>>> print(open('target.cif').read())   # mmCIF, C-alpha atoms and all ligand atoms
data_query
loop_
_atom_site.group_PDB
_atom_site.id
_atom_site.type_symbol
_atom_site.label_atom_id
_atom_site.label_comp_id
_atom_site.auth_asym_id
_atom_site.auth_seq_id
_atom_site.Cartn_x
_atom_site.Cartn_y
_atom_site.Cartn_z
ATOM 1 C CA MET D 1 27.832 -14.789 15.601
ATOM 2 C CA LEU D 2 28.055 -17.579 18.163
ATOM 3 C CA ASN D 3 25.448 -17.940 20.876
ATOM 4 C CA ASN D 4 23.255 -15.070 19.731
ATOM 5 C CA LYS D 5 19.839 -16.657 20.448
ATOM 6 C CA PRO D 6 20.239 -18.706 23.624
ATOM 7 C CA VAL D 7 17.596 -20.114 25.926
ATOM 8 C CA GLY D 8 17.581 -18.054 29.125
ATOM 9 C CA ILE D 9 17.221 -19.881 32.417
ATOM 10 C CA PHE D 10 16.445 -17.856 35.508
ATOM 11 C CA ASP D 11 16.270 -18.529 39.220
ATOM 12 C CA SER D 12 16.492 -16.398 42.325
ATOM 13 C CA GLY D 13 19.754 -18.186 43.106
ATOM 14 C CA TYR D 14 21.287 -21.589 42.582
ATOM 15 C CA GLY D 15 18.180 -23.819 42.547
ATOM 16 C CA GLY D 16 17.457 -23.354 38.850
ATOM 17 C CA LEU D 17 20.746 -25.096 38.132
ATOM 18 C CA THR D 18 19.073 -28.401 39.115
ATOM 19 C CA VAL D 19 16.594 -27.762 36.305
ATOM 20 C CA PHE D 20 19.232 -26.485 33.891
ATOM 21 C CA ARG D 21 21.252 -29.683 34.446
ATOM 22 C CA SER D 22 18.279 -31.796 33.308
ATOM 23 C CA ILE D 23 17.501 -29.454 30.399
ATOM 24 C CA PHE D 24 21.081 -29.604 29.152
ATOM 25 C CA GLN D 25 21.076 -33.410 29.411
ATOM 26 C CA GLN D 26 17.905 -33.664 27.315
ATOM 27 C CA LEU D 27 18.581 -30.777 24.930
ATOM 28 C CA PRO D 28 22.373 -30.469 24.668
ATOM 29 C CA GLY D 29 22.473 -28.838 21.249
ATOM 30 C CA TYR D 30 21.083 -25.422 22.218
ATOM 31 C CA ASP D 31 22.873 -22.371 23.646
ATOM 32 C CA TYR D 32 22.028 -21.378 27.207
ATOM 33 C CA ILE D 33 22.453 -18.434 29.555
ATOM 34 C CA TYR D 34 21.798 -19.057 33.240
ATOM 35 C CA LEU D 35 21.082 -16.076 35.489
ATOM 36 C CA GLY D 36 20.916 -16.475 39.278
ATOM 37 C CA ASP D 37 19.748 -13.406 41.189
ATOM 38 C CA THR D 38 21.834 -14.464 44.191
ATOM 39 C CA GLY D 39 22.430 -10.839 45.159
ATOM 40 C CA ARG D 40 18.721 -10.549 46.062
ATOM 41 C CA ALA D 41 17.852 -14.156 46.974
ATOM 42 C CA PRO D 42 15.997 -15.754 48.605
ATOM 43 C CA TYR D 43 12.721 -14.680 47.025
ATOM 44 C CA GLY D 44 10.556 -17.134 49.010
ATOM 45 C CA ASN D 45 9.388 -14.778 51.765
ATOM 46 C CA ARG D 46 9.186 -11.612 49.623
ATOM 47 C CA SER D 47 6.013 -9.794 48.554
ATOM 48 C CA PHE D 48 4.223 -10.320 45.253
ATOM 49 C CA GLN D 49 5.300 -6.858 44.010
ATOM 50 C CA THR D 50 8.956 -7.404 44.834
ATOM 51 C CA ILE D 51 9.108 -10.890 43.294
ATOM 52 C CA HIS D 52 7.441 -9.585 40.142
ATOM 53 C CA GLN D 53 9.775 -6.574 39.914
ATOM 54 C CA TYR D 54 12.960 -8.626 40.452
ATOM 55 C CA THR D 55 11.859 -11.390 38.088
ATOM 56 C CA TRP D 56 10.858 -9.002 35.299
ATOM 57 C CA GLU D 57 14.168 -7.114 35.611
ATOM 58 C CA CYS D 58 16.040 -10.403 35.236
ATOM 59 C CA VAL D 59 13.878 -11.535 32.299
ATOM 60 C CA GLN D 60 14.548 -8.223 30.527
ATOM 61 C CA TRP D 61 18.263 -8.651 31.161
ATOM 62 C CA LEU D 62 18.101 -12.083 29.505
ATOM 63 C CA PHE D 63 16.120 -10.615 26.586
ATOM 64 C CA ASP D 64 18.853 -7.979 26.211
ATOM 65 C CA LYS D 65 21.395 -10.805 26.044
ATOM 66 C CA GLY D 66 19.507 -12.126 23.010
ATOM 67 C CA CYS D 67 17.357 -14.854 24.613
ATOM 68 C CA PRO D 68 14.022 -15.164 22.771
ATOM 69 C CA LEU D 69 12.862 -17.784 25.306
ATOM 70 C CA VAL D 70 13.252 -17.557 29.083
ATOM 71 C CA ILE D 71 12.466 -20.365 31.510
ATOM 72 C CA LEU D 72 11.651 -19.307 35.069
ATOM 73 C CA ALA D 73 13.347 -22.263 36.759
ATOM 74 C CA CYS D 74 11.972 -21.013 40.058
ATOM 75 C CA ASN D 75 8.620 -21.980 41.533
ATOM 76 C CA THR D 76 8.317 -18.795 43.558
ATOM 77 C CA ALA D 77 8.797 -16.605 40.472
ATOM 78 C CA SER D 78 6.534 -18.883 38.415
ATOM 79 C CA ALA D 79 3.835 -18.644 41.118
ATOM 80 C CA LYS D 80 4.050 -14.917 41.745
ATOM 81 C CA ALA D 81 5.375 -13.238 38.605
ATOM 82 C CA LEU D 82 4.728 -15.388 35.530
ATOM 83 C CA ARG D 83 1.082 -14.520 34.991
ATOM 84 C CA THR D 84 1.700 -10.740 35.094
ATOM 85 C CA ILE D 85 4.719 -11.126 32.820
ATOM 86 C CA GLN D 86 2.786 -13.207 30.296
ATOM 87 C CA GLN D 87 -0.420 -11.196 30.394
ATOM 88 C CA THR D 88 0.899 -7.650 30.808
ATOM 89 C CA ASP D 89 4.660 -7.120 30.467
ATOM 90 C CA LEU D 90 5.167 -9.176 27.301
ATOM 91 C CA LYS D 91 2.490 -7.158 25.494
ATOM 92 C CA ASN D 92 5.079 -4.406 24.987
ATOM 93 C CA GLU D 93 7.762 -6.782 23.718
ATOM 94 C CA ASP D 94 8.497 -8.470 20.409
ATOM 95 C CA PRO D 95 5.749 -11.122 19.986
ATOM 96 C CA LEU D 96 8.407 -13.776 19.361
ATOM 97 C CA LYS D 97 9.629 -13.499 22.969
ATOM 98 C CA ARG D 98 8.289 -16.091 25.393
ATOM 99 C CA VAL D 99 8.565 -16.746 29.131
ATOM 100 C CA LEU D 100 7.634 -20.160 30.553
ATOM 101 C CA GLY D 101 7.460 -21.406 34.129
ATOM 102 C CA VAL D 102 7.832 -24.692 35.995
ATOM 103 C CA ILE D 103 4.464 -25.062 37.734
ATOM 104 C CA ARG D 104 2.217 -25.893 34.810
ATOM 105 C CA PRO D 105 4.470 -28.600 33.273
ATOM 106 C CA THR D 106 4.743 -30.200 36.715
ATOM 107 C CA ALA D 107 0.996 -30.016 37.376
ATOM 108 C CA GLU D 108 0.317 -31.622 33.996
ATOM 109 C CA VAL D 109 2.014 -34.895 34.997
ATOM 110 C CA ILE D 110 2.250 -35.111 38.804
ATOM 111 C CA GLY D 111 -1.142 -36.848 39.124
ATOM 112 C CA ASP D 112 0.263 -39.806 37.173
ATOM 113 C CA TYR D 113 2.737 -40.538 39.990
ATOM 114 C CA THR D 114 0.233 -41.178 42.781
ATOM 115 C CA LYS D 115 -1.699 -44.392 43.428
ATOM 116 C CA THR D 116 -3.559 -43.120 46.512
ATOM 117 C CA LYS D 117 -4.525 -39.885 44.690
ATOM 118 C CA GLU D 118 -2.970 -37.830 47.479
ATOM 119 C CA ILE D 119 0.081 -35.639 46.918
ATOM 120 C CA GLY D 120 2.157 -33.504 49.266
ATOM 121 C CA VAL D 121 3.703 -30.314 47.880
ATOM 122 C CA LEU D 122 6.747 -28.805 49.596
ATOM 123 C CA GLY D 123 7.617 -25.246 48.581
ATOM 124 C CA THR D 124 8.575 -21.775 49.710
ATOM 125 C CA LYS D 125 6.099 -19.617 51.607
ATOM 126 C CA GLY D 126 5.416 -17.647 48.419
ATOM 127 C CA THR D 127 4.667 -20.734 46.331
ATOM 128 C CA VAL D 128 2.422 -22.268 48.989
ATOM 129 C CA GLN D 129 0.515 -19.041 49.700
ATOM 130 C CA SER D 130 -0.128 -18.485 45.997
ATOM 131 C CA GLU D 131 -2.014 -21.831 45.913
ATOM 132 C CA SER D 132 -0.779 -22.194 42.326
ATOM 133 C CA TYR D 133 -0.245 -25.948 42.699
ATOM 134 C CA LEU D 134 -3.723 -26.494 44.201
ATOM 135 C CA ILE D 135 -5.270 -24.600 41.289
ATOM 136 C CA GLU D 136 -3.139 -26.062 38.470
ATOM 137 C CA ILE D 137 -3.241 -29.701 39.645
ATOM 138 C CA SER D 138 -7.036 -29.510 40.064
ATOM 139 C CA HIS D 139 -7.317 -28.572 36.346
ATOM 140 C CA PHE D 140 -5.430 -31.655 35.174
ATOM 141 C CA PHE D 141 -6.276 -34.137 37.967
ATOM 142 C CA PRO D 142 -9.546 -33.099 39.619
ATOM 143 C CA ASP D 143 -9.658 -36.350 41.643
ATOM 144 C CA VAL D 144 -6.226 -35.807 43.254
ATOM 145 C CA LYS D 145 -6.035 -34.244 46.731
ATOM 146 C CA VAL D 146 -3.123 -31.868 47.280
ATOM 147 C CA TYR D 147 -1.656 -31.005 50.681
ATOM 148 C CA GLN D 148 0.922 -28.233 50.990
ATOM 149 C CA GLN D 149 3.697 -27.348 53.401
ATOM 150 C CA ALA D 150 5.829 -24.211 53.344
ATOM 151 C CA CYS D 151 9.467 -24.841 54.297
ATOM 152 C CA PRO D 152 10.830 -21.300 54.776
ATOM 153 C CA LEU D 153 14.107 -22.409 56.364
ATOM 154 C CA TRP D 154 15.157 -24.895 53.702
ATOM 155 C CA VAL D 155 16.408 -22.422 51.061
ATOM 156 C CA PRO D 156 18.630 -20.540 53.566
ATOM 157 C CA LEU D 157 20.030 -23.906 54.779
ATOM 158 C CA ILE D 158 20.780 -24.942 51.211
ATOM 159 C CA GLU D 159 22.164 -21.589 50.046
ATOM 160 C CA ASN D 160 24.500 -21.555 53.068
ATOM 161 C CA GLY D 161 25.837 -25.048 52.358
ATOM 162 C CA GLU D 162 24.197 -26.665 55.434
ATOM 163 C CA TYR D 163 21.977 -29.061 53.486
ATOM 164 C CA ASN D 164 24.088 -32.166 54.139
ATOM 165 C CA LYS D 165 25.076 -31.371 57.740
ATOM 166 C CA PRO D 166 23.487 -32.939 60.847
ATOM 167 C CA GLY D 167 22.018 -29.561 61.894
ATOM 168 C CA ALA D 168 19.686 -29.678 58.893
ATOM 169 C CA ASP D 169 17.961 -32.837 60.186
ATOM 170 C CA TYR D 170 15.752 -31.005 62.667
ATOM 171 C CA PHE D 171 14.358 -28.611 60.059
ATOM 172 C CA VAL D 172 13.887 -31.298 57.417
ATOM 173 C CA LYS D 173 11.995 -33.565 59.817
ATOM 174 C CA GLN D 174 9.904 -30.719 61.225
ATOM 175 C CA TYR D 175 8.349 -29.707 57.897
ATOM 176 C CA LEU D 176 7.913 -33.303 56.713
ATOM 177 C CA ASP D 177 6.090 -34.188 59.942
ATOM 178 C CA GLN D 178 3.812 -31.174 59.507
ATOM 179 C CA LEU D 179 2.979 -32.207 55.955
ATOM 180 C CA LEU D 180 2.420 -35.885 56.692
ATOM 181 C CA ALA D 181 0.220 -35.027 59.699
ATOM 182 C CA GLN D 182 -2.278 -33.597 57.204
ATOM 183 C CA SER D 183 -3.085 -37.073 55.782
ATOM 184 C CA PRO D 184 -1.839 -40.646 56.249
ATOM 185 C CA ASN D 185 -2.550 -41.422 52.564
ATOM 186 C CA ILE D 186 0.031 -39.196 50.867
ATOM 187 C CA ASP D 187 2.204 -41.439 48.675
ATOM 188 C CA THR D 188 3.960 -38.787 46.538
ATOM 189 C CA LEU D 189 5.962 -35.760 47.648
ATOM 190 C CA LEU D 190 6.673 -33.066 45.094
ATOM 191 C CA LEU D 191 9.778 -30.954 45.678
ATOM 192 C CA ALA D 192 8.155 -27.748 44.395
ATOM 193 C CA CYS D 193 11.231 -25.611 44.860
ATOM 194 C CA THR D 194 14.203 -26.009 42.566
ATOM 195 C CA HIS D 195 16.592 -25.822 45.535
ATOM 196 C CA TYR D 196 15.145 -28.841 47.319
ATOM 197 C CA PRO D 197 16.738 -31.643 45.211
ATOM 198 C CA LEU D 198 19.889 -30.965 47.268
ATOM 199 C CA LEU D 199 17.955 -32.104 50.363
ATOM 200 C CA ARG D 200 16.534 -35.153 48.611
ATOM 201 C CA GLU D 201 18.652 -37.768 50.422
ATOM 202 C CA LYS D 202 17.962 -36.198 53.819
ATOM 203 C CA ILE D 203 14.241 -35.957 53.059
ATOM 204 C CA LYS D 204 14.153 -39.656 52.144
ATOM 205 C CA GLN D 205 15.762 -40.582 55.490
ATOM 206 C CA PHE D 206 12.731 -39.203 57.338
ATOM 207 C CA LEU D 207 10.032 -40.679 55.102
ATOM 208 C CA PRO D 208 8.349 -44.081 55.214
ATOM 209 C CA GLY D 209 9.484 -46.252 52.287
ATOM 210 C CA ASN D 210 6.095 -46.138 50.533
ATOM 211 C CA ILE D 211 6.372 -42.392 49.813
ATOM 212 C CA GLN D 212 8.146 -41.398 46.609
ATOM 213 C CA VAL D 213 9.934 -38.087 46.177
ATOM 214 C CA VAL D 214 9.576 -36.284 42.843
ATOM 215 C CA SER D 215 11.896 -33.480 41.646
ATOM 216 C CA GLN D 216 11.049 -31.241 38.716
ATOM 217 C CA GLY D 217 14.199 -31.187 36.590
ATOM 218 C CA ASP D 218 13.372 -34.039 34.237
ATOM 219 C CA ILE D 219 9.697 -33.075 34.062
ATOM 220 C CA VAL D 220 10.515 -29.494 33.019
ATOM 221 C CA ALA D 221 13.183 -30.650 30.538
ATOM 222 C CA LYS D 222 10.768 -33.057 28.863
ATOM 223 C CA SER D 223 8.090 -30.383 28.700
ATOM 224 C CA LEU D 224 10.546 -27.930 27.098
ATOM 225 C CA ALA D 225 11.546 -30.522 24.482
ATOM 226 C CA ASP D 226 7.869 -31.033 23.738
ATOM 227 C CA TYR D 227 7.242 -27.246 23.550
ATOM 228 C CA LEU D 228 10.080 -26.778 21.054
ATOM 229 C CA GLN D 229 8.722 -29.562 18.894
ATOM 230 C CA ARG D 230 5.283 -27.968 18.867
ATOM 231 C CA HIS D 231 6.700 -24.458 18.195
ATOM 232 C CA PRO D 232 9.071 -24.669 15.215
ATOM 233 C CA GLU D 233 8.997 -20.864 14.906
ATOM 234 C CA MET D 234 10.722 -20.687 18.308
ATOM 235 C CA ASP D 235 12.931 -23.708 17.736
ATOM 236 C CA ASN D 236 14.220 -22.370 14.397
ATOM 237 C CA ASN D 237 14.943 -19.010 16.023
ATOM 238 C CA LEU D 238 17.185 -20.486 18.749
ATOM 239 C CA SER D 239 20.902 -20.837 18.096
ATOM 240 C CA LYS D 240 22.419 -24.285 18.522
ATOM 241 C CA ASN D 241 26.133 -24.302 19.320
ATOM 242 C CA SER D 242 25.925 -26.226 22.601
ATOM 243 C CA THR D 243 27.250 -23.381 24.770
ATOM 244 C CA GLN D 244 26.598 -22.502 28.408
ATOM 245 C CA GLN D 245 27.098 -19.134 30.089
ATOM 246 C CA PHE D 246 26.480 -18.419 33.771
ATOM 247 C CA PHE D 247 25.744 -15.054 35.368
ATOM 248 C CA THR D 248 25.126 -14.006 38.961
ATOM 249 C CA THR D 249 24.045 -10.730 40.528
ATOM 250 C CA THR D 250 26.550 -11.328 43.358
ATOM 251 C CA ASP D 251 29.849 -9.564 42.729
ATOM 252 C CA ASP D 252 31.734 -12.469 44.374
ATOM 253 C CA THR D 253 31.557 -14.734 41.344
ATOM 254 C CA ALA D 254 34.084 -17.194 42.809
ATOM 255 C CA ASP D 255 31.701 -17.826 45.713
ATOM 256 C CA PHE D 256 28.828 -18.332 43.255
ATOM 257 C CA ASP D 257 30.906 -20.800 41.234
ATOM 258 C CA GLN D 258 31.790 -22.828 44.296
ATOM 259 C CA HIS D 259 28.150 -23.211 45.405
ATOM 260 C CA ALA D 260 26.809 -23.555 41.880
ATOM 261 C CA ALA D 261 28.977 -26.581 41.122
ATOM 262 C CA PHE D 262 27.034 -28.628 43.720
ATOM 263 C CA PHE D 263 23.684 -27.746 42.150
ATOM 264 C CA PHE D 264 24.879 -28.242 38.581
ATOM 265 C CA SER D 265 27.000 -31.342 39.336
ATOM 266 C CA ALA D 266 29.723 -29.857 37.126
ATOM 267 C CA PRO D 267 32.194 -26.961 37.315
ATOM 268 C CA VAL D 268 30.676 -23.499 36.784
ATOM 269 C CA LYS D 269 32.486 -20.297 35.769
ATOM 270 C CA SER D 270 30.255 -17.264 36.099
ATOM 271 C CA ALA D 271 30.387 -13.553 35.368
ATOM 272 C CA PHE D 272 28.765 -10.651 37.219
ATOM 273 C CA ALA D 273 25.411 -9.419 35.894
ATOM 274 C CA GLU D 274 24.473 -5.846 36.688
ATOM 275 C CA ILE D 275 20.687 -5.693 36.736
ATOM 276 C CA ARG D 276 19.199 -2.231 36.166
ATOM 277 C CA CYS D 277 16.600 -1.318 38.787
HETATM 278 N N1 LIG E 1 14.362 -21.964 43.864
HETATM 279 C C1 LIG E 1 13.225 -21.141 44.142
HETATM 280 C C2 LIG E 1 11.930 -21.904 43.907
HETATM 281 O O1 LIG E 1 11.903 -22.844 43.134
HETATM 282 C C3 LIG E 1 13.107 -20.482 45.476
HETATM 283 C C4 LIG E 1 14.246 -19.942 46.163
HETATM 284 C C5 LIG E 1 13.996 -18.662 46.916
HETATM 285 O O2 LIG E 1 13.302 -18.633 47.945
HETATM 286 O O3 LIG E 1 14.553 -17.689 46.437
HETATM 287 O O4 LIG E 1 10.913 -21.547 44.458
#
>>> encode(input="target.cif", output="structure tokens", more="lines below")
Ligand code: DGL
Amino acid sequence: MLNNKPVGIFDSGYGGLTVFRSIFQQLPGYDYIYLGDTGRAPYGNRSFQTIHQYTWECVQWLFDKGCPLVILACNTASAKALRTIQQTDLKNEDPLKRVLGVIRPTAEVIGDYTKTKEIGVLGTKGTVQSESYLIEISHFFPDVKVYQQACPLWVPLIENGEYNKPGADYFVKQYLDQLLAQSPNIDTLLLACTHYPLLREKIKQFLPGNIQVVSQGDIVAKSLADYLQRHPEMDNNLSKNSTQQFFTTTDDTADFDQHAAFFFSAPVKSAFAEIRC
């Protein structure tokens, strides 16, 4: 049967498509199912309990579709739901099922980007409040200082197609100014939300030239390639027919496809996913 053991890729909405694009470029041979919970997005300002419940429902849906491996291509879900899923929920599942996030692979390498040893992290309120990046980066790079800024209005701007319009300038500049006011020595900005690569060009307009902007797609893709090499039991279990399927929890799939194409930089044809609650 074709496509029976795909890699599942999950995000609250469209942002995970920026990660999926990089994963598919690096690992084109595998089968993939993308699920965007656009019907309930954004997750960024929601409570821990709600983010965990929504994320676990979506992970189970991907398991039911045959995915032995699910990537939470969402920082908010990785920050607020991954630990409980890995330490509690997966205990009742087949031991061959795995769920991985995007924060740890990013924290493992982000310290290599900075010369001043000072990094700025831009994320949703949920990601920033969880302090996951402060904790994870300090494990791998104890000498690197991390400053954070929540950007609660960026995901709504992006999801509503306003990310490249002049009205977005005010909100982009506002959060960047707040972050950079925390230290003059920040030389690396991490886009710690998978939606933010769409704002990358606008962000760069408001930054001094010595500050580099890092997105996660390639980092996560490289880390997944490395994981699959180190885990042949998982790699051998995944089907490899180079297929892609897209699902959304919004019943207007045409609307999803139109937005999704910008994030994925390629046409997208989705189907409706009914998530049991
Ligand atoms: N793309 C998600 C992330 O990386 C957040 C979007 C949301 O707020 O739902 O955090």
>>> closest_residue(input="target.cif", among="D:Cys193, D:Val7, D:Leu157, D:Leu228", to="D:Val59", atoms="only C-alpha atoms")
D:Val7
>>> closest_atom_pairs(input="target.cif", of="chain D", to="ligand LIG 1 (chain E)", cutoff="9 Å", atoms="all atoms listed in the file", output="JSON lines")
{"residue": "D:Asp11", "atom": "CA", "partner": "E:LIG1", "partner_atom": "N1", "distance": 6.1}
{"residue": "D:Ser12", "atom": "CA", "partner": "E:LIG1", "partner_atom": "O3", "distance": 4.7}
{"residue": "D:Gly13", "atom": "CA", "partner": "E:LIG1", "partner_atom": "O3", "distance": 6.2}
{"residue": "D:Tyr14", "atom": "CA", "partner": "E:LIG1", "partner_atom": "N1", "distance": 7.1}
{"residue": "D:Gly15", "atom": "CA", "partner": "E:LIG1", "partner_atom": "N1", "distance": 4.4}
{"residue": "D:Gly16", "atom": "CA", "partner": "E:LIG1", "partner_atom": "N1", "distance": 6.1}
{"residue": "D:Asp37", "atom": "CA", "partner": "E:LIG1", "partner_atom": "O3", "distance": 8.5}
{"residue": "D:Thr38", "atom": "CA", "partner": "E:LIG1", "partner_atom": "O3", "distance": 8.3}
{"residue": "D:Arg40", "atom": "CA", "partner": "E:LIG1", "partner_atom": "O3", "distance": 8.3}
{"residue": "D:Ala41", "atom": "CA", "partner": "E:LIG1", "partner_atom": "O3", "distance": 4.9}
{"residue": "D:Pro42", "atom": "CA", "partner": "E:LIG1", "partner_atom": "O3", "distance": 3.2}
{"residue": "D:Tyr43", "atom": "CA", "partner": "E:LIG1", "partner_atom": "O3", "distance": 3.6}
{"residue": "D:Gly44", "atom": "CA", "partner": "E:LIG1", "partner_atom": "O2", "distance": 3.3}
{"residue": "D:Asn45", "atom": "CA", "partner": "E:LIG1", "partner_atom": "O2", "distance": 6.7}
{"residue": "D:Arg46", "atom": "CA", "partner": "E:LIG1", "partner_atom": "O2", "distance": 8.3}
{"residue": "D:Leu72", "atom": "CA", "partner": "E:LIG1", "partner_atom": "O1", "distance": 8.8}
{"residue": "D:Ala73", "atom": "CA", "partner": "E:LIG1", "partner_atom": "O1", "distance": 6.6}
{"residue": "D:Cys74", "atom": "CA", "partner": "E:LIG1", "partner_atom": "O1", "distance": 3.6}
{"residue": "D:Asn75", "atom": "CA", "partner": "E:LIG1", "partner_atom": "O4", "distance": 3.7}
{"residue": "D:Thr76", "atom": "CA", "partner": "E:LIG1", "partner_atom": "O4", "distance": 3.9}
{"residue": "D:Ala77", "atom": "CA", "partner": "E:LIG1", "partner_atom": "O4", "distance": 6.7}
{"residue": "D:Ser78", "atom": "CA", "partner": "E:LIG1", "partner_atom": "O4", "distance": 7.9}
{"residue": "D:Ala79", "atom": "CA", "partner": "E:LIG1", "partner_atom": "O4", "distance": 8.3}
{"residue": "D:Val102", "atom": "CA", "partner": "E:LIG1", "partner_atom": "O1", "distance": 8.4}
{"residue": "D:Gly123", "atom": "CA", "partner": "E:LIG1", "partner_atom": "O4", "distance": 6.4}
{"residue": "D:Thr124", "atom": "CA", "partner": "E:LIG1", "partner_atom": "O4", "distance": 5.8}
{"residue": "D:Lys125", "atom": "CA", "partner": "E:LIG1", "partner_atom": "O2", "distance": 8.1}
{"residue": "D:Gly126", "atom": "CA", "partner": "E:LIG1", "partner_atom": "O4", "distance": 7.8}
{"residue": "D:Thr127", "atom": "CA", "partner": "E:LIG1", "partner_atom": "O4", "distance": 6.6}
{"residue": "D:Pro152", "atom": "CA", "partner": "E:LIG1", "partner_atom": "O2", "distance": 7.7}
{"residue": "D:Trp154", "atom": "CA", "partner": "E:LIG1", "partner_atom": "O2", "distance": 8.7}
{"residue": "D:Val155", "atom": "CA", "partner": "E:LIG1", "partner_atom": "O2", "distance": 5.8}
{"residue": "D:Pro156", "atom": "CA", "partner": "E:LIG1", "partner_atom": "O2", "distance": 8.0}
{"residue": "D:Glu159", "atom": "CA", "partner": "E:LIG1", "partner_atom": "C4", "distance": 9.0}
{"residue": "D:Leu191", "atom": "CA", "partner": "E:LIG1", "partner_atom": "O1", "distance": 8.8}
{"residue": "D:Ala192", "atom": "CA", "partner": "E:LIG1", "partner_atom": "O1", "distance": 6.3}
{"residue": "D:Cys193", "atom": "CA", "partner": "E:LIG1", "partner_atom": "O1", "distance": 3.3}
{"residue": "D:Thr194", "atom": "CA", "partner": "E:LIG1", "partner_atom": "O1", "distance": 4.0}
{"residue": "D:His195", "atom": "CA", "partner": "E:LIG1", "partner_atom": "N1", "distance": 4.8}
{"residue": "D:Tyr196", "atom": "CA", "partner": "E:LIG1", "partner_atom": "N1", "distance": 7.7}
>>> closest_residue(input="target.cif", among="D:Arg104, D:Lys145, D:Lys65, D:Lys91", to="D:Thr116", atoms="all atoms listed in the file")
D:Lys145
>>> atom_distance(input="target.cif", atom1="atom CA of D:Ser242", atom2="atom CA of D:Asp257")
20.0 Å
>>> atom_distance(input="target.cif", atom1="atom CA of D:Thr84", atom2="atom CA of D:Gln245")
27.2 Å
>>> atom_distance(input="target.cif", atom1="atom CA of D:Ile275", atom2="atom CA of D:Asp94")
20.6 Å
>>> closest_residue(input="target.cif", among="D:Gly217, D:Pro142, D:Pro267, D:Pro232", to="D:Phe246", atoms="all atoms listed in the file")
D:Pro267
